[in-house]
Amino acid sequence: MSAVPVIDARNICKSYGKGDGRFDALRDVTLRIERGECVAIVGKSGSGKSTLMHIIAMLDTPDAGSLAYAGEDALALSPKSVSELRNQEFGFVFQQFFLTPGTSVLDNVTLPLKITGEPSKSRKARGLEVLRQLELEDKATSRATDLSGGQKQRVVISRALVNEPSVIFADEPTGNLDSATGAIVQDTLFALNRDLGITLVIVTHDEELAARCDRQVFLRDGVLVAPAQDRGAAA
Ligand SMILES: Nc1ncnc2c1ncn2[C@@H]1O[C@H](COP(=O)(O)OP(=O)(O)OP(=O)(O)O)[C@@H](O)[C@H]1O
């Protein structure tokens, strides 16, 4: 394992609201993720999983604590540098990052490259390469709306991959899929981890999916707990 973790979050705190309405969503959370690891963040609904994922993926900032990406202080970066780093280093498989419905699969997949100013020709070549990898090349010109649930999710994974990210963050990647389609999507994500060394961070309720990861971290009421404590609370 490398000496410098890809993500080093220490003593992270995050609250929503103020005064009497204040809610502490994360309390003193410390999480270190090594390059190439596959980590599941698990816990009951409302335990703070998505909040933690958003903070380590630099989509949100903590109220207290430190966050380093590959040894660099992520909280000291300007908003512009944060979006550049996110666009270059991270891929997102989030249900709220919907595909643009009336737009072609290829245009959806190459959107991150458009943001970085990549010329149209190389954008298209790279987009087709990723679609080929996910066995979706024949759908390149289809509208995103005309695909099955599993195909849509593979398009989302293609888009997450197009910038050759170091880390993929996936929030309930199989949440809306039947088990057979979910299994294909899971296999796709794990193959990226195994074959390309992409670090995977997955938020999930699915125990089987969590068990396939190298490591599981358990959140309960905004605190990271040992697995046995979490199981006890869930019973
Ligand atoms: N923008 C917000 N304003 C107020 N409270 C929030 C906000 N976002 C999240 N919360 C609260 O913080 C807590 C943690 O939310 P979070 O979405 O991180 O949980 P989760 O573990 O991902 O839940 P789920 O599994 O249901 O998606 C919840 O109690 C939620 O109600």
# chains A, B, ... in the order shown; residues from 1 in each chain; ligands from 1
$ residues_near_ligand --ligand "ligand 1" --cutoff "12 Å" --atoms "only C-alpha atoms and all ligand atoms" --output "ChimeraX atom specification"
/A:13-18,21-27,41-55,60,94-96,170-172,175,202-206,218-224
$ residues_around --residues "Arg143 (chain A)" --least-positions-apart "2" --cutoff "10 Å" --atoms "only C-alpha atoms" --output "VMD selection string"
chain A and resid 99 to 108 139 to 141 145 to 147
$ write_last_selection --atoms "N, CA and C atoms" --output "PDB file, in the first residue's frame"
ATOM      1  N   LEU A  99     -28.796  11.398 -16.260  1.00  0.00           N
ATOM      2  CA  LEU A  99     -28.399  11.617 -17.646  1.00  0.00           C
ATOM      3  C   LEU A  99     -29.321  12.675 -18.232  1.00  0.00           C
ATOM      4  N   THR A 100     -28.852  13.410 -19.225  1.00  0.00           N
ATOM      5  CA  THR A 100     -29.718  14.376 -19.905  1.00  0.00           C
ATOM      6  C   THR A 100     -30.598  13.565 -20.856  1.00  0.00           C
ATOM      7  N   PRO A 101     -31.939  13.550 -20.618  1.00  0.00           N
ATOM      8  CA  PRO A 101     -32.802  12.571 -21.281  1.00  0.00           C
ATOM      9  C   PRO A 101     -32.811  12.605 -22.806  1.00  0.00           C
ATOM     10  N   GLY A 102     -33.001  13.793 -23.400  1.00  0.00           N
ATOM     11  CA  GLY A 102     -33.166  13.826 -24.850  1.00  0.00           C
ATOM     12  C   GLY A 102     -31.847  13.823 -25.611  1.00  0.00           C
ATOM     13  N   THR A 103     -30.741  13.760 -24.892  1.00  0.00           N
ATOM     14  CA  THR A 103     -29.419  13.871 -25.501  1.00  0.00           C
ATOM     15  C   THR A 103     -28.843  12.471 -25.744  1.00  0.00           C
ATOM     16  N   SER A 104     -27.985  12.363 -26.742  1.00  0.00           N
ATOM     17  CA  SER A 104     -27.465  11.025 -27.078  1.00  0.00           C
ATOM     18  C   SER A 104     -26.590  10.472 -25.950  1.00  0.00           C
ATOM     19  N   VAL A 105     -26.482   9.162 -25.963  1.00  0.00           N
ATOM     20  CA  VAL A 105     -25.625   8.462 -24.999  1.00  0.00           C
ATOM     21  C   VAL A 105     -24.198   9.011 -25.089  1.00  0.00           C
ATOM     22  N   LEU A 106     -23.692   9.166 -26.324  1.00  0.00           N
ATOM     23  CA  LEU A 106     -22.315   9.640 -26.492  1.00  0.00           C
ATOM     24  C   LEU A 106     -22.139  11.038 -25.898  1.00  0.00           C
ATOM     25  N   ASP A 107     -23.094  11.945 -26.153  1.00  0.00           N
ATOM     26  CA  ASP A 107     -22.971  13.298 -25.611  1.00  0.00           C
ATOM     27  C   ASP A 107     -23.041  13.299 -24.087  1.00  0.00           C
ATOM     28  N   ASN A 108     -23.877  12.422 -23.531  1.00  0.00           N
ATOM     29  CA  ASN A 108     -23.930  12.304 -22.074  1.00  0.00           C
ATOM     30  C   ASN A 108     -22.581  11.855 -21.518  1.00  0.00           C
ATOM     31  N   LYS A 139     -25.111   1.712 -28.756  1.00  0.00           N
ATOM     32  CA  LYS A 139     -26.137   2.627 -28.246  1.00  0.00           C
ATOM     33  C   LYS A 139     -25.664   4.085 -28.277  1.00  0.00           C
ATOM     34  N   ALA A 140     -24.491   4.331 -28.859  1.00  0.00           N
ATOM     35  CA  ALA A 140     -23.891   5.670 -28.795  1.00  0.00           C
ATOM     36  C   ALA A 140     -24.824   6.769 -29.281  1.00  0.00           C
ATOM     37  N   THR A 141     -25.594   6.487 -30.344  1.00  0.00           N
ATOM     38  CA  THR A 141     -26.445   7.544 -30.893  1.00  0.00           C
ATOM     39  C   THR A 141     -27.877   7.494 -30.347  1.00  0.00           C
ATOM     40  N   THR A 145     -32.890   8.296 -22.794  1.00  0.00           N
ATOM     41  CA  THR A 145     -34.196   7.832 -22.312  1.00  0.00           C
ATOM     42  C   THR A 145     -34.604   6.485 -22.899  1.00  0.00           C
ATOM     43  N   ASP A 146     -34.015   6.133 -24.035  1.00  0.00           N
ATOM     44  CA  ASP A 146     -34.442   4.913 -24.715  1.00  0.00           C
ATOM     45  C   ASP A 146     -33.698   3.660 -24.239  1.00  0.00           C
ATOM     46  N   LEU A 147     -33.066   3.728 -23.090  1.00  0.00           N
ATOM     47  CA  LEU A 147     -32.287   2.585 -22.609  1.00  0.00           C
ATOM     48  C   LEU A 147     -32.976   1.934 -21.413  1.00  0.00           C
TER      49      LEU A 147
END
$ atom_distance --atom1 "CA of Gly36 (chain A)" --atom2 "CA of Phe98 (chain A)"
26.5 Å
$ residues_around --residues "region 209-214 of chain A" --least-positions-apart "3" --cutoff "6 Å" --atoms "only C-alpha atoms" --output "PyMOL selection string"
chain A and resi 38-40+206
$ write_last_selection --atoms "N, CA and C atoms" --output "JSON list (two decimals), in the first residue's frame"
[["chain", "number", "residue", "atom", "x", "y", "z"],
["A", 38, "CYS", "N", -11.06, -0.68, -2.30],
["A", 38, "CYS", "CA", -12.49, -0.67, -2.60],
["A", 38, "CYS", "C", -13.20, -0.66, -1.24],
["A", 39, "VAL", "N", -13.85, 0.44, -0.93],
["A", 39, "VAL", "CA", -14.40, 0.64, 0.41],
["A", 39, "VAL", "C", -15.91, 0.86, 0.34],
["A", 40, "ALA", "N", -16.65, 0.15, 1.20],
["A", 40, "ALA", "CA", -18.10, 0.37, 1.29],
["A", 40, "ALA", "C", -18.38, 1.21, 2.53],
["A", 206, "ASP", "N", -26.92, -2.37, 0.56],
["A", 206, "ASP", "CA", -26.92, -3.76, 0.11],
["A", 206, "ASP", "C", -25.75, -4.51, 0.75]]
$ closest_atom_pairs --of "region 86-141 of chain A" --to "region 179-200 of chain A" --cutoff "10 Å" --atoms "only C-alpha atoms" --output "JSON lines"
{"residue": "A:Phe90", "atom": "CA", "partner": "A:Thr199", "partner_atom": "CA", "distance": 9.5}
{"residue": "A:Gly91", "atom": "CA", "partner": "A:Leu200", "partner_atom": "CA", "distance": 9.6}
{"residue": "A:Val93", "atom": "CA", "partner": "A:Leu189", "partner_atom": "CA", "distance": 9.9}
{"residue": "A:Gln133", "atom": "CA", "partner": "A:Thr188", "partner_atom": "CA", "distance": 9.7}
{"residue": "A:Leu134", "atom": "CA", "partner": "A:Thr188", "partner_atom": "CA", "distance": 7.8}
$ atom_distance --atom1 "CA of Gly117 (chain A)" --atom2 "CA of Ile168 (chain A)"
21.5 Å
$ residues_around --residues "region 62-78 of chain A" --least-positions-apart "2" --cutoff "10 Å" --atoms "only C-alpha atoms" --output "PyMOL selection string"
chain A and resi 3-16+26-35+51-52+54-58+60+80-85+89
$ closest_residue --among "A:Leu113, A:Leu136, A:Leu131, A:Ala144" --to "Asn163 (chain A)" --atoms "only C-alpha atoms"
A:Leu113
$ atom_distance --atom1 "CA of Thr116 (chain A)" --atom2 "CA of Gly150 (chain A)"
27.6 Å
$ select_by_dssp --residues "region 9-202 of chain A" --states "helix (DSSP H, G or I)" --output "ChimeraX atom specification"
/A:19-21,49-56,74-76,79-89,105-115,120-133,137-139,144-146,149-161,179-196
$ write_last_selection --atoms "C-alpha atoms" --output "JSON list (two decimals), in the first residue's frame"
[["chain", "number", "residue", "atom", "x", "y", "z"],
["A", 19, "GLY", "CA", -29.66, 26.88, 16.98],
["A", 20, "ASP", "CA", -32.33, 24.49, 18.30],
["A", 21, "GLY", "CA", -32.81, 23.08, 14.78],
["A", 49, "LYS", "CA", -23.35, 8.10, 4.53],
["A", 50, "SER", "CA", -24.16, 10.51, 1.71],
["A", 51, "THR", "CA", -22.97, 13.49, 3.74],
["A", 52, "LEU", "CA", -19.60, 11.76, 4.27],
["A", 53, "MET", "CA", -19.37, 10.76, 0.61],
["A", 54, "HIS", "CA", -20.12, 14.33, -0.51],
["A", 55, "ILE", "CA", -17.39, 15.70, 1.75],
["A", 56, "ILE", "CA", -14.66, 13.25, 0.74],
["A", 74, "ALA", "CA", -8.12, 19.76, -0.20],
["A", 75, "LEU", "CA", -9.73, 22.38, 2.04],
["A", 76, "ALA", "CA", -7.08, 24.96, 1.11],
["A", 79, "PRO", "CA", -13.26, 26.57, -5.71],
["A", 80, "LYS", "CA", -11.84, 26.54, -9.26],
["A", 81, "SER", "CA", -9.03, 24.14, -8.30],
["A", 82, "VAL", "CA", -11.54, 21.92, -6.49],
["A", 83, "SER", "CA", -13.72, 21.62, -9.58],
["A", 84, "GLU", "CA", -10.70, 20.95, -11.79],
["A", 85, "LEU", "CA", -9.42, 18.27, -9.42],
["A", 86, "ARG", "CA", -12.88, 16.71, -9.18],
["A", 87, "ASN", "CA", -13.31, 16.68, -12.92],
["A", 88, "GLN", "CA", -9.86, 15.17, -13.55],
["A", 89, "GLU", "CA", -9.55, 12.72, -10.68],
["A", 105, "VAL", "CA", -25.63, 8.46, -25.00],
["A", 106, "LEU", "CA", -22.32, 9.64, -26.49],
["A", 107, "ASP", "CA", -22.97, 13.30, -25.61],
["A", 108, "ASN", "CA", -23.93, 12.30, -22.07],
["A", 109, "VAL", "CA", -20.75, 10.26, -21.68],
["A", 110, "THR", "CA", -18.43, 12.94, -23.06],
["A", 111, "LEU", "CA", -19.86, 15.82, -20.99],
["A", 112, "PRO", "CA", -16.92, 15.79, -18.49],
["A", 113, "LEU", "CA", -14.50, 16.13, -21.45],
["A", 114, "LYS", "CA", -16.50, 19.06, -22.82],
["A", 115, "ILE", "CA", -16.12, 20.76, -19.45],
["A", 120, "SER", "CA", -14.87, 17.43, -30.27],
["A", 121, "LYS", "CA", -12.99, 14.78, -32.30],
["A", 122, "SER", "CA", -10.92, 13.39, -29.42],
["A", 123, "ARG", "CA", -13.96, 13.67, -27.16],
["A", 124, "LYS", "CA", -15.90, 11.43, -29.48],
["A", 125, "ALA", "CA", -13.04, 8.92, -29.84],
["A", 126, "ARG", "CA", -12.60, 8.62, -26.09],
["A", 127, "GLY", "CA", -16.38, 8.41, -25.53],
["A", 128, "LEU", "CA", -16.68, 5.55, -28.01],
["A", 129, "GLU", "CA", -13.71, 3.78, -26.45],
["A", 130, "VAL", "CA", -15.37, 3.84, -23.02],
["A", 131, "LEU", "CA", -18.74, 2.77, -24.45],
["A", 132, "ARG", "CA", -16.99, -0.13, -26.17],
["A", 133, "GLN", "CA", -15.44, -1.14, -22.84],
["A", 137, "GLU", "CA", -21.00, 1.16, -28.39],
["A", 138, "ASP", "CA", -24.08, 0.27, -30.44],
["A", 139, "LYS", "CA", -26.14, 2.63, -28.25],
["A", 144, "ALA", "CA", -30.46, 8.23, -22.97],
["A", 145, "THR", "CA", -34.20, 7.83, -22.31],
["A", 146, "ASP", "CA", -34.44, 4.91, -24.71],
["A", 149, "GLY", "CA", -32.26, 0.72, -16.30],
["A", 150, "GLY", "CA", -29.07, -1.35, -16.38],
["A", 151, "GLN", "CA", -27.93, 0.24, -19.64],
["A", 152, "LYS", "CA", -28.54, 3.73, -18.19],
["A", 153, "GLN", "CA", -26.44, 2.83, -15.17],
["A", 154, "ARG", "CA", -23.67, 1.56, -17.46],
["A", 155, "VAL", "CA", -23.85, 4.89, -19.32],
["A", 156, "VAL", "CA", -23.43, 6.66, -15.96],
["A", 157, "ILE", "CA", -20.39, 4.44, -15.29],
["A", 158, "SER", "CA", -19.05, 5.21, -18.78],
["A", 159, "ARG", "CA", -19.37, 8.92, -18.05],
["A", 160, "ALA", "CA", -17.63, 8.41, -14.69],
["A", 161, "LEU", "CA", -14.78, 6.66, -16.52],
["A", 179, "SER", "CA", -30.88, -8.25, -8.98],
["A", 180, "ALA", "CA", -29.62, -9.65, -12.31],
["A", 181, "THR", "CA", -28.98, -6.17, -13.75],
["A", 182, "GLY", "CA", -27.56, -5.00, -10.43],
["A", 183, "ALA", "CA", -25.10, -7.90, -10.52],
["A", 184, "ILE", "CA", -23.85, -6.82, -13.96],
["A", 185, "VAL", "CA", -23.37, -3.24, -12.75],
["A", 186, "GLN", "CA", -21.55, -4.51, -9.64],
["A", 187, "ASP", "CA", -19.28, -6.72, -11.73],
["A", 188, "THR", "CA", -18.50, -3.74, -13.96],
["A", 189, "LEU", "CA", -17.49, -1.57, -11.01],
["A", 190, "PHE", "CA", -15.36, -4.29, -9.41],
["A", 191, "ALA", "CA", -13.64, -5.01, -12.73],
["A", 192, "LEU", "CA", -12.61, -1.33, -12.93],
["A", 193, "ASN", "CA", -11.12, -1.63, -9.46],
["A", 194, "ARG", "CA", -9.36, -4.91, -10.19],
["A", 195, "ASP", "CA", -8.19, -4.30, -13.74],
["A", 196, "LEU", "CA", -7.53, -0.56, -13.81]]
$ select_by_dssp --residues "region 22-208 of chain A" --states "strand (DSSP E)" --output "PyMOL selection string"
chain A and resi 23-33+38-43+64-69+72-73+90-94+167-171+199-203
$ closest_residue --among "A:Val201, A:Ser148, A:Val225, A:Phe92" --to "Pro165 (chain A)" --atoms "only C-alpha atoms"
A:Phe92
